[in-house]
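J.: Below you'll find the structure I mean.
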Amino acid sequence: MSKKNSTRRKNAGADANFAGEKYDGERISAVFDYNELCLARAAELLAPRLADVTMVASFASLLAIVLVALIEKDQLVLLVVLFVISFSLLQASRNIGKLKMRYARGTNLLPDDEAPRQRVVVCDDAVHVERENGSTESYNLSELRRVGETSDSILACFGNKRYVYIPRTALSEGRFREASRILKGHLKK
């Protein structure tokens, strides 16, 4: 039992770095460990329709191959080019998860192994991300481009490879819905 209590004290001390309202208009605050699992869940929310688009483009290029083969039987070079395009699109649609993960690693979503604990603060006009190593990033809500949401997490996209991930486990159900409502309320119409 004393082991549990010391662990609780340690976690409470780690969260003390993030305690207090530092920002004007602070509405929601979530403290959590950002790790590879969070990165994978955030990557799932990137470009949600990309798999469908690549699959449709692949089938369209297959249809183009059939039409070119029926209409222009002597166009072997065009048929080969269309086949390569179709095959590439088909492979991309099959490996969309890996492609999203590779893209996510090139953004600010990459976890910091030295400072996995972070705090996300949603304010009236901005979202702030604080890490336990003291670094802070701020994103103005007027720059918000898209909000991806599942029952497990929210991903706010600010453009230029800038994202903010908020897991459902770091918030109560009401605060999670409130964070989603605030973010979606600031989307450019």
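So you can find residues: chains in the structure tokens are A, B, ... in the order shown, residues in each start at 1, and ligands are numbered from 1 in order.
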Name all residues at most 9 Å from A:Ala92 (count only C-alpha atoms; drop same-chain ones fewer than 4 positions away) and give them as number ranges by chain.
T.: A: 51, 54-55, 87-88, 96, 99
J.: Give me, as a VMD selection string, all polymer residues having an atom no more than 10 Å from A:Ala42, counting only C-alpha atoms and skipping those fewer than 6 positions away in the same chain.
T.: chain A and resid 36 100 to 101 104 109 148 to 149 153 to 156 163 to 167
J.: Next, dump the selected residues to file, keeping only N, CA, C and O atoms, as a PDB file, in the first residue's frame.
T.:
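Resulting contents of result.pdb:
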ATOM      1  N   GLU A  36       4.397   6.894 -28.038  1.00  0.00           N
ATOM      2  CA  GLU A  36       4.217   6.319 -29.375  1.00  0.00           C
ATOM      3  C   GLU A  36       2.763   5.930 -29.648  1.00  0.00           C
ATOM      4  O   GLU A  36       2.293   6.036 -30.771  1.00  0.00           O
ATOM      5  N   LYS A 100       0.782   7.643 -43.231  1.00  0.00           N
ATOM      6  CA  LYS A 100       0.358   8.655 -42.252  1.00  0.00           C
ATOM      7  C   LYS A 100       1.333   8.711 -41.079  1.00  0.00           C
ATOM      8  O   LYS A 100       1.665   9.787 -40.588  1.00  0.00           O
ATOM      9  N   MET A 101       1.784   7.550 -40.626  1.00  0.00           N
ATOM     10  CA  MET A 101       2.723   7.499 -39.503  1.00  0.00           C
ATOM     11  C   MET A 101       4.049   8.148 -39.886  1.00  0.00           C
ATOM     12  O   MET A 101       4.625   8.899 -39.089  1.00  0.00           O
ATOM     13  N   ALA A 104       3.467  11.821 -39.831  1.00  0.00           N
ATOM     14  CA  ALA A 104       3.316  12.314 -38.454  1.00  0.00           C
ATOM     15  C   ALA A 104       4.671  12.462 -37.765  1.00  0.00           C
ATOM     16  O   ALA A 104       4.869  13.377 -36.968  1.00  0.00           O
ATOM     17  N   LEU A 109       4.132  16.314 -33.921  1.00  0.00           N
ATOM     18  CA  LEU A 109       3.514  15.205 -33.181  1.00  0.00           C
ATOM     19  C   LEU A 109       4.522  14.192 -32.672  1.00  0.00           C
ATOM     20  O   LEU A 109       4.187  13.345 -31.843  1.00  0.00           O
ATOM     21  N   GLY A 148     -10.043  16.867 -36.149  1.00  0.00           N
ATOM     22  CA  GLY A 148     -10.373  15.457 -36.305  1.00  0.00           C
ATOM     23  C   GLY A 148     -10.718  14.891 -34.940  1.00  0.00           C
ATOM     24  O   GLY A 148     -10.067  15.211 -33.950  1.00  0.00           O
ATOM     25  N   GLU A 149     -11.749  14.077 -34.892  1.00  0.00           N
ATOM     26  CA  GLU A 149     -12.197  13.570 -33.596  1.00  0.00           C
ATOM     27  C   GLU A 149     -12.690  12.141 -33.726  1.00  0.00           C
ATOM     28  O   GLU A 149     -13.359  11.781 -34.690  1.00  0.00           O
ATOM     29  N   SER A 153      -9.994  10.464 -29.033  1.00  0.00           N
ATOM     30  CA  SER A 153      -9.059  11.587 -29.085  1.00  0.00           C
ATOM     31  C   SER A 153      -9.536  12.693 -30.017  1.00  0.00           C
ATOM     32  O   SER A 153     -10.445  12.503 -30.821  1.00  0.00           O
ATOM     33  N   ILE A 154      -8.857  13.838 -29.873  1.00  0.00           N
ATOM     34  CA  ILE A 154      -9.085  15.000 -30.724  1.00  0.00           C
ATOM     35  C   ILE A 154      -7.737  15.393 -31.307  1.00  0.00           C
ATOM     36  O   ILE A 154      -6.726  15.399 -30.608  1.00  0.00           O
ATOM     37  N   LEU A 155      -7.728  15.751 -32.586  1.00  0.00           N
ATOM     38  CA  LEU A 155      -6.527  16.261 -33.230  1.00  0.00           C
ATOM     39  C   LEU A 155      -6.884  17.584 -33.889  1.00  0.00           C
ATOM     40  O   LEU A 155      -7.695  17.631 -34.805  1.00  0.00           O
ATOM     41  N   ALA A 156      -6.275  18.648 -33.404  1.00  0.00           N
ATOM     42  CA  ALA A 156      -6.483  19.979 -33.974  1.00  0.00           C
ATOM     43  C   ALA A 156      -5.344  20.271 -34.943  1.00  0.00           C
ATOM     44  O   ALA A 156      -4.173  20.155 -34.577  1.00  0.00           O
ATOM     45  N   TYR A 163       0.222  20.457 -35.086  1.00  0.00           N
ATOM     46  CA  TYR A 163      -0.949  19.744 -34.603  1.00  0.00           C
ATOM     47  C   TYR A 163      -0.955  19.735 -33.080  1.00  0.00           C
ATOM     48  O   TYR A 163       0.093  19.817 -32.452  1.00  0.00           O
ATOM     49  N   VAL A 164      -2.164  19.597 -32.525  1.00  0.00           N
ATOM     50  CA  VAL A 164      -2.308  19.411 -31.084  1.00  0.00           C
ATOM     51  C   VAL A 164      -3.196  18.194 -30.875  1.00  0.00           C
ATOM     52  O   VAL A 164      -4.303  18.119 -31.407  1.00  0.00           O
ATOM     53  N   TYR A 165      -2.684  17.245 -30.100  1.00  0.00           N
ATOM     54  CA  TYR A 165      -3.392  15.998 -29.816  1.00  0.00           C
ATOM     55  C   TYR A 165      -3.892  16.030 -28.379  1.00  0.00           C
ATOM     56  O   TYR A 165      -3.153  16.370 -27.459  1.00  0.00           O
ATOM     57  N   ILE A 166      -5.171  15.672 -28.197  1.00  0.00           N
ATOM     58  CA  ILE A 166      -5.763  15.599 -26.859  1.00  0.00           C
ATOM     59  C   ILE A 166      -6.429  14.232 -26.715  1.00  0.00           C
ATOM     60  O   ILE A 166      -7.402  13.938 -27.413  1.00  0.00           O
ATOM     61  N   PRO A 167      -5.927  13.368 -25.825  1.00  0.00           N
ATOM     62  CA  PRO A 167      -6.548  12.053 -25.642  1.00  0.00           C
ATOM     63  C   PRO A 167      -7.771  12.125 -24.742  1.00  0.00           C
ATOM     64  O   PRO A 167      -7.857  12.973 -23.847  1.00  0.00           O
TER      65      PRO A 167
END
J.: Atom CA of A:Phe158 to atom CA of A:Arg145: how many Å, to one decimal?
T.: 5.4 Å
J.: Contacts between stretch 122-132 of chain A and stretch 2-117 of chain A, please, where a residue of stretch 2-117 of chain A counts if it comes within 10 Å (with only C-alpha atoms); show its shortest atom pair and distance in Å to one decimal, rows by chain and ascending number, as JSON lines.
T.:
{"residue": "A:Ala14", "atom": "CA", "partner": "A:Glu132", "partner_atom": "CA", "distance": 8.0}
{"residue": "A:Asp15", "atom": "CA", "partner": "A:Glu132", "partner_atom": "CA", "distance": 8.7}
{"residue": "A:Asn17", "atom": "CA", "partner": "A:Glu132", "partner_atom": "CA", "distance": 7.0}
{"residue": "A:Phe18", "atom": "CA", "partner": "A:Glu130", "partner_atom": "CA", "distance": 7.7}
{"residue": "A:Tyr23", "atom": "CA", "partner": "A:Cys123", "partner_atom": "CA", "distance": 7.4}
{"residue": "A:Asp24", "atom": "CA", "partner": "A:Cys123", "partner_atom": "CA", "distance": 7.1}
{"residue": "A:Gly25", "atom": "CA", "partner": "A:Cys123", "partner_atom": "CA", "distance": 5.1}
{"residue": "A:Glu26", "atom": "CA", "partner": "A:Cys123", "partner_atom": "CA", "distance": 4.2}
{"residue": "A:Arg27", "atom": "CA", "partner": "A:Cys123", "partner_atom": "CA", "distance": 5.1}
{"residue": "A:Ile28", "atom": "CA", "partner": "A:Val122", "partner_atom": "CA", "distance": 5.0}
{"residue": "A:Ser29", "atom": "CA", "partner": "A:Val122", "partner_atom": "CA", "distance": 6.3}
{"residue": "A:Ala30", "atom": "CA", "partner": "A:Val122", "partner_atom": "CA", "distance": 8.7}
{"residue": "A:Val31", "atom": "CA", "partner": "A:Glu130", "partner_atom": "CA", "distance": 9.2}
{"residue": "A:Phe32", "atom": "CA", "partner": "A:Arg131", "partner_atom": "CA", "distance": 9.9}
{"residue": "A:Asp33", "atom": "CA", "partner": "A:Arg131", "partner_atom": "CA", "distance": 9.7}
{"residue": "A:Tyr34", "atom": "CA", "partner": "A:Arg131", "partner_atom": "CA", "distance": 9.5}
{"residue": "A:Asp112", "atom": "CA", "partner": "A:Arg131", "partner_atom": "CA", "distance": 8.9}
{"residue": "A:Glu114", "atom": "CA", "partner": "A:Glu132", "partner_atom": "CA", "distance": 8.9}
{"residue": "A:Ala115", "atom": "CA", "partner": "A:Glu132", "partner_atom": "CA", "distance": 5.5}
{"residue": "A:Pro116", "atom": "CA", "partner": "A:Arg131", "partner_atom": "CA", "distance": 7.4}
{"residue": "A:Arg117", "atom": "CA", "partner": "A:Glu132", "partner_atom": "CA", "distance": 5.7}
J.: Out of A:Ile65, A:Cys157, A:Val120, A:Val56, which residue has the shortest atom-to-atom distance to A:Ala43 when counting only C-alpha atoms?
T.: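 Between A:Ile65, A:Cys157, A:Val120, A:Val56, the residue approaching A:Ala43 most closely is A:Cys157.
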J.: With only C-alpha atoms as the atoms that count, which of A:Ser151, A:Ser142, A:Asn35, A:Ser58 lies nearest to A:Gly185?
T.: A:Ser142
J.: Which value, in Å to one decimal, gives the distance between atom CA of A:Arg168 and atom CA of A:Asp152?
T.: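 Distance reported for this atom pair: 4.9 Å.
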J.: Using only C-alpha atoms for the distances, tell me which of A:Glu44, A:Glu178, A:Glu137, A:Glu173 is nearest to A:Arg102.
T.: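 For A:Arg102, the nearest of the candidates is A:Glu44.
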J.: Excluding A:His186 and its own-chain neighbours fewer than 2 positions away, which residues fall within 9 Å of it when counting only C-alpha atoms? Please give them as a list of chain:residue names.
T.: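 Skipping anything fewer than 2 positions along the chain leaves A:Asp125, A:Leu141, A:Ser142, A:Glu143, A:Leu144, A:Arg145, A:Arg181, A:Ile182, A:Leu183, A:Lys184, A:Lys188, A:Lys189.
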J.: For stretch 76-83 of chain A, find every residue with an atom within 9 Å (counting only C-alpha atoms), except residues of its own chain fewer than 5 positions away, and show them as a PyMOL selection string.
T.: chain A and resi 61-62+64-66+68-69+88
J.: List the neighbours of A:Thr107 out to 9 Å using only C-alpha atoms; skip same-chain residues closer than 3 positions along the sequence, and give me the result as a PyMOL selection string.
T.: chain A and resi 103-104+110+160-163
J.: Those residues with all heavy atoms, as an mmCIF file, in the first residue's frame please?
T.:
data_model
loop_
_atom_site.group_PDB
_atom_site.id
_atom_site.type_symbol
_atom_site.label_atom_id
_atom_site.label_comp_id
_atom_site.auth_asym_id
_atom_site.auth_seq_id
_atom_site.Cartn_x
_atom_site.Cartn_y
_atom_site.Cartn_z
ATOM 1 N N TYR A 103 4.464 10.495 -42.109
ATOM 2 C CA TYR A 103 4.213 11.934 -42.154
ATOM 3 C C TYR A 103 4.157 12.512 -40.738
ATOM 4 O O TYR A 103 4.730 13.565 -40.458
ATOM 5 C CB TYR A 103 2.906 12.231 -42.891
ATOM 6 C CG TYR A 103 2.503 13.676 -42.810
ATOM 7 C CD1 TYR A 103 3.106 14.623 -43.622
ATOM 8 C CD2 TYR A 103 1.551 14.101 -41.895
ATOM 9 C CE1 TYR A 103 2.765 15.959 -43.536
ATOM 10 C CE2 TYR A 103 1.196 15.434 -41.798
ATOM 11 C CZ TYR A 103 1.803 16.362 -42.627
ATOM 12 O OH TYR A 103 1.460 17.673 -42.516
ATOM 13 N N ALA A 104 3.467 11.821 -39.831
ATOM 14 C CA ALA A 104 3.316 12.314 -38.454
ATOM 15 C C ALA A 104 4.671 12.462 -37.765
ATOM 16 O O ALA A 104 4.869 13.377 -36.968
ATOM 17 C CB ALA A 104 2.417 11.382 -37.651
ATOM 18 N N LEU A 110 5.755 14.259 -33.143
ATOM 19 C CA LEU A 110 6.774 13.309 -32.717
ATOM 20 C C LEU A 110 6.996 13.413 -31.207
ATOM 21 O O LEU A 110 7.243 14.504 -30.689
ATOM 22 C CB LEU A 110 8.092 13.574 -33.454
ATOM 23 C CG LEU A 110 9.199 12.556 -33.234
ATOM 24 C CD1 LEU A 110 8.782 11.201 -33.798
ATOM 25 C CD2 LEU A 110 10.469 13.026 -33.891
ATOM 26 N N ASN A 160 0.940 23.890 -41.664
ATOM 27 C CA ASN A 160 2.405 23.898 -41.582
ATOM 28 C C ASN A 160 2.946 22.837 -40.624
ATOM 29 O O ASN A 160 3.860 23.107 -39.843
ATOM 30 C CB ASN A 160 2.927 25.270 -41.180
ATOM 31 C CG ASN A 160 2.579 26.329 -42.196
ATOM 32 O OD1 ASN A 160 2.534 26.054 -43.390
ATOM 33 N ND2 ASN A 160 2.307 27.525 -41.732
ATOM 34 N N LYS A 161 2.352 21.647 -40.664
ATOM 35 C CA LYS A 161 2.774 20.516 -39.830
ATOM 36 C C LYS A 161 2.701 20.814 -38.335
ATOM 37 O O LYS A 161 3.506 20.349 -37.548
ATOM 38 C CB LYS A 161 4.182 20.061 -40.208
ATOM 39 C CG LYS A 161 4.276 19.545 -41.626
ATOM 40 C CD LYS A 161 5.644 19.003 -41.927
ATOM 41 C CE LYS A 161 5.674 18.430 -43.319
ATOM 42 N NZ LYS A 161 6.939 17.800 -43.627
ATOM 43 N N ARG A 162 1.698 21.612 -37.946
ATOM 44 C CA ARG A 162 1.478 21.930 -36.536
ATOM 45 C C ARG A 162 0.144 21.326 -36.101
ATOM 46 O O ARG A 162 -0.893 21.639 -36.657
ATOM 47 C CB ARG A 162 1.463 23.450 -36.325
ATOM 48 C CG ARG A 162 2.768 24.112 -36.701
ATOM 49 C CD ARG A 162 2.697 25.615 -36.577
ATOM 50 N NE ARG A 162 1.561 26.119 -37.352
ATOM 51 C CZ ARG A 162 0.879 27.204 -37.034
ATOM 52 N NH1 ARG A 162 1.180 27.902 -35.975
ATOM 53 N NH2 ARG A 162 -0.131 27.604 -37.786
ATOM 54 N N TYR A 163 0.222 20.457 -35.086
ATOM 55 C CA TYR A 163 -0.949 19.744 -34.603
ATOM 56 C C TYR A 163 -0.955 19.735 -33.080
ATOM 57 O O TYR A 163 0.093 19.817 -32.452
ATOM 58 C CB TYR A 163 -0.937 18.290 -35.094
ATOM 59 C CG TYR A 163 -0.940 18.162 -36.594
ATOM 60 C CD1 TYR A 163 0.254 18.060 -37.300
ATOM 61 C CD2 TYR A 163 -2.132 18.142 -37.295
ATOM 62 C CE1 TYR A 163 0.257 17.934 -38.678
ATOM 63 C CE2 TYR A 163 -2.133 18.014 -38.676
ATOM 64 C CZ TYR A 163 -0.943 17.920 -39.358
ATOM 65 O OH TYR A 163 -0.945 17.805 -40.711
#
J.: List every residue of stretch 86-159 of chain A that DSSP, applied to the backbone of this structure, assigns to strand (DSSP E), and report them as a ChimeraX atom specification.
T.: /A:117-123,126-131,136-140,146-149,153-159
J.: Name the closest residue to A:Cys38 among the candidates A:Ala179, A:Ala170, A:Leu50, A:Ala57; distances are taken between atoms, counting only C-alpha atoms.
T.: A:Ala170
J.: From the list A:Asn108, A:Gln91, A:Thr150, A:Gln75, which residue is nearest A:Ser180 when using only C-alpha atoms?
T.: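 Ranked by minimum distance to A:Ser180, first place goes to A:Thr150.
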J.: Atom CA of A:Gly106 to atom CA of A:Ile85: how many Å, to one decimal?
T.: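 Between these atoms lies a distance of 25.6 Å.
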J.: So that I can check the secondary structure, give me every residue of chain A assigned alpha helix (DSSP H) by backbone DSSP, as a ChimeraX atom specification.
T.: /A:2-16,36-44,50-71,76-94,96-105,173-185
